[in-house]
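Accompanying notes for the structure given below.
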Amino acid sequence: MGGYAVYVWPSYGLTAAVVGLNIFWARRSLRGAQRDARRRLAALKLAAAS
Amino acid sequence: MAWVWFHRFGSPPHFYRLARRLTPWFGWPALILCLAGLIGGLGLAPRDYQQGEGFRIIYVHAPAAWLSLMVYVVMATSAAVGLIWRINVGHAVAASCAPIGASFTVLALATGMLYGRPMWGTYWEWDPRLTSELLLLFLYLGYMALRSAIDDVARADRASAVLAIVGVVDVPIIHYSVIWWNSLHQAPTVMKFGRPSMPASMLVPLLLMLAGFTFYFAALLLTRARGEILRRERNAHWIAAALEES
């Protein structure tokens, strides 16, 4: 990298980290919301049955 | 009749199902475009005669900066839709945009610092472009802080929407700062009137990365927005059926 490696590769590494973390956070957020929604619906069903 | 599609798009169950179907159509092209852009940018593009191999940072810095601006515009637009037409999906989309935009603004600033050190001799300068980009980060953080500070979701939506809409004035300031004022940062090479200032061998990988990051944001946004809508809709009757389809 002609002496620029110490700047170029950390830039790409940071980018990969941000891209990966965003995917992780988005999927975790969706899974958490789905899990909470299922729990609420189950509780509602139970309340309606009793 | 022309507005039917608009309000249909604003229906939470319709948007939720559409988002689930569209996500892979944005995700996979994003991966392919970014891979092609990386191969072109790292392997095929020639070294710059002034910046040497250091210019290759542009293939991650420019897309990050592009996302930081574009995501804010999407956030402000969808917040405005939510505020004006009282379409809650608009507020859900805006809330989903904020963490994505903030993270890419941080990335744009960080990669910009790594680019600036070898080129300008400094990691940071209170230059119009850098300063206005930093202000954008504060706007994103302020939006998220304001939302979390207000318990009532409807009030949080309205207050944060006003902040997002007012803050959008920073976007053209960032873009034109290098033209209006003396700036260390280089002038636009792609987003400008007239022909791009880069040769095709350098430009094509950059355009591929810009397109790839845009598709990536769309996939991320649709994923986040689905979760946001589920949290907002809580006990709505359509949720049970939608969860079974997931």
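Residue numbering restarts at 1 in every chain; chains get A, B, ... in the order shown in the structure tokens, and ligands count up from 1 in that same order.
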At a cut-off of 8 Å, list the chain A residues touching chain B, using only C-alpha atoms, as number ranges by chain.
-> A: 1-2, 4-5, 7-8, 11-12, 14-15, 18, 22-23, 26-27, 29-34, 37-38, 40-41
Could you please write out, as an MDAnalysis selection string, every residue of stretch 9-208 of chain B that DSSP assigns to helix (DSSP H, G or I)?
-> chainID B and resid 9 12:44 53:85 88:120 128:149 153:167 170:180 200:208
Could you save those same residues with C-alpha atoms as a short mmCIF file (atom, residue, chain, number, x, y, z; two decimals), in the first residue's frame?
data_model
loop_
_atom_site.label_atom_id
_atom_site.label_comp_id
_atom_site.auth_asym_id
_atom_site.auth_seq_id
_atom_site.Cartn_x
_atom_site.Cartn_y
_atom_site.Cartn_z
CA PHE B 9 -48.04 2.13 2.13
CA PRO B 12 -48.69 -0.98 9.38
CA PRO B 13 -49.67 -4.56 8.36
CA HIS B 14 -49.15 -3.80 4.68
CA PHE B 15 -45.80 -2.11 5.29
CA TYR B 16 -44.69 -4.94 7.61
CA ARG B 17 -45.41 -7.65 5.05
CA LEU B 18 -43.96 -5.64 2.16
CA ALA B 19 -40.79 -4.95 4.18
CA ARG B 20 -40.36 -8.65 4.92
CA ARG B 21 -40.69 -9.53 1.23
CA LEU B 22 -38.42 -6.74 -0.03
CA THR B 23 -35.52 -7.13 2.42
CA PRO B 24 -33.67 -9.92 0.53
CA TRP B 25 -34.16 -8.02 -2.77
CA PHE B 26 -32.04 -5.23 -1.31
CA GLY B 27 -29.70 -7.33 0.83
CA TRP B 28 -28.27 -9.67 -1.80
CA PRO B 29 -27.66 -6.99 -4.46
CA ALA B 30 -25.96 -4.92 -1.75
CA LEU B 31 -23.51 -7.76 -1.10
CA ILE B 32 -22.81 -8.29 -4.81
CA LEU B 33 -22.36 -4.58 -5.54
CA CYS B 34 -20.06 -4.05 -2.57
CA LEU B 35 -17.94 -7.09 -3.43
CA ALA B 36 -17.61 -5.87 -7.02
CA GLY B 37 -16.76 -2.38 -5.79
CA LEU B 38 -14.13 -3.70 -3.39
CA ILE B 39 -12.49 -5.84 -6.07
CA GLY B 40 -12.43 -2.86 -8.41
CA GLY B 41 -11.34 -0.35 -5.80
CA LEU B 42 -8.65 -2.40 -4.10
CA GLY B 43 -7.44 -4.49 -7.02
CA LEU B 44 -8.19 -2.89 -10.36
CA GLU B 53 -2.42 4.09 -2.62
CA GLY B 54 -3.91 6.20 0.16
CA PHE B 55 -6.72 7.30 -2.14
CA ARG B 56 -8.28 3.82 -1.80
CA ILE B 57 -9.81 5.00 1.48
CA ILE B 58 -12.30 6.86 -0.71
CA TYR B 59 -14.04 3.57 -1.50
CA VAL B 60 -15.28 3.35 2.09
CA HIS B 61 -15.16 7.00 3.15
CA ALA B 62 -17.33 8.40 0.32
CA PRO B 63 -20.08 5.75 0.66
CA ALA B 64 -20.15 6.28 4.45
CA ALA B 65 -20.47 10.05 3.95
CA TRP B 66 -23.14 9.51 1.29
CA LEU B 67 -25.13 7.33 3.67
CA SER B 68 -24.80 9.83 6.50
CA LEU B 69 -26.47 12.48 4.35
CA MET B 70 -28.99 10.29 2.55
CA VAL B 71 -30.20 8.60 5.72
CA TYR B 72 -30.81 12.00 7.33
CA VAL B 73 -32.90 13.10 4.34
CA VAL B 74 -34.90 9.85 4.51
CA MET B 75 -35.33 10.33 8.26
CA ALA B 76 -36.50 13.94 7.90
CA THR B 77 -38.82 13.11 4.99
CA SER B 78 -40.48 10.19 6.75
CA ALA B 79 -40.76 12.26 9.97
CA ALA B 80 -42.48 14.99 7.93
CA VAL B 81 -44.87 12.41 6.44
CA GLY B 82 -45.67 11.23 9.95
CA LEU B 83 -46.17 14.76 11.24
CA ILE B 84 -48.23 16.14 8.35
CA TRP B 85 -50.37 13.14 7.37
CA ASN B 88 -47.35 6.37 12.15
CA VAL B 89 -45.31 4.25 9.76
CA GLY B 90 -43.50 7.49 8.88
CA HIS B 91 -42.42 7.95 12.48
CA ALA B 92 -41.42 4.28 12.69
CA VAL B 93 -39.22 4.65 9.60
CA ALA B 94 -37.68 7.86 10.96
CA ALA B 95 -36.90 6.21 14.30
CA SER B 96 -35.33 3.27 12.46
CA CYS B 97 -33.12 5.56 10.36
CA ALA B 98 -31.47 7.38 13.26
CA PRO B 99 -29.10 4.71 14.65
CA ILE B 100 -28.05 3.69 11.13
CA GLY B 101 -27.34 7.28 10.10
CA ALA B 102 -25.48 8.04 13.32
CA SER B 103 -23.19 5.02 12.95
CA PHE B 104 -22.33 5.90 9.34
CA THR B 105 -21.70 9.52 10.28
CA VAL B 106 -19.20 8.28 12.88
CA LEU B 107 -17.67 6.05 10.20
CA ALA B 108 -17.46 8.95 7.72
CA LEU B 109 -15.72 11.10 10.34
CA ALA B 110 -13.34 8.30 11.39
CA THR B 111 -12.36 7.28 7.86
CA GLY B 112 -12.11 10.96 7.01
CA MET B 113 -9.61 11.40 9.84
CA LEU B 114 -7.59 8.43 8.58
CA TYR B 115 -7.71 9.92 5.09
CA GLY B 116 -6.82 13.42 6.29
CA ARG B 117 -3.75 12.48 8.32
CA PRO B 118 -1.56 11.39 5.35
CA MET B 119 -3.08 13.90 2.90
CA TRP B 120 -3.42 17.05 5.01
CA PRO B 128 -16.50 23.74 7.09
CA ARG B 129 -17.04 20.22 5.74
CA LEU B 130 -15.77 18.39 8.83
CA THR B 131 -17.50 20.75 11.24
CA SER B 132 -20.88 20.52 9.53
CA GLU B 133 -20.57 16.71 9.37
CA LEU B 134 -19.86 16.68 13.11
CA LEU B 135 -22.97 18.81 13.59
CA LEU B 136 -24.92 16.16 11.66
CA LEU B 137 -23.74 13.55 14.16
CA PHE B 138 -25.01 15.76 17.01
CA LEU B 139 -28.36 16.06 15.21
CA TYR B 140 -28.66 12.29 14.97
CA LEU B 141 -27.70 11.83 18.62
CA GLY B 142 -30.04 14.64 19.64
CA TYR B 143 -32.90 13.01 17.75
CA MET B 144 -32.33 9.68 19.50
CA ALA B 145 -31.89 11.35 22.90
CA LEU B 146 -35.09 13.37 22.48
CA ARG B 147 -37.07 10.26 21.53
CA SER B 148 -35.84 8.33 24.55
CA ALA B 149 -36.42 11.27 26.92
CA VAL B 153 -44.63 7.69 21.94
CA ALA B 154 -46.89 10.17 20.11
CA ARG B 155 -45.27 13.17 21.81
CA ALA B 156 -41.81 11.72 21.20
CA ASP B 157 -42.70 11.27 17.52
CA ARG B 158 -43.83 14.88 17.15
CA ALA B 159 -40.93 16.46 19.03
CA SER B 160 -38.27 14.41 17.27
CA ALA B 161 -39.93 14.99 13.88
CA VAL B 162 -39.62 18.75 14.36
CA LEU B 163 -35.93 18.36 15.24
CA ALA B 164 -35.32 16.13 12.21
CA ILE B 165 -37.06 18.54 9.83
CA VAL B 166 -35.25 21.62 11.17
CA GLY B 167 -31.91 19.82 11.11
CA ASP B 170 -27.40 20.91 7.56
CA VAL B 171 -27.41 18.49 4.63
CA PRO B 172 -27.00 21.06 1.80
CA ILE B 173 -24.58 22.98 4.03
CA ILE B 174 -22.38 19.88 4.26
CA HIS B 175 -22.55 19.27 0.52
CA TYR B 176 -21.90 22.87 -0.58
CA SER B 177 -19.46 23.78 2.22
CA VAL B 178 -16.49 22.95 -0.01
CA ILE B 179 -17.83 25.35 -2.66
CA TRP B 180 -19.09 28.20 -0.46
CA ALA B 200 -13.65 5.63 -15.23
CA SER B 201 -11.25 3.07 -13.78
CA MET B 202 -11.48 4.84 -10.42
CA LEU B 203 -15.08 6.04 -10.75
CA VAL B 204 -16.84 2.75 -11.55
CA PRO B 205 -15.79 0.98 -8.31
CA LEU B 206 -16.84 4.08 -6.36
CA LEU B 207 -20.28 4.09 -8.00
CA LEU B 208 -20.62 0.36 -7.27
#
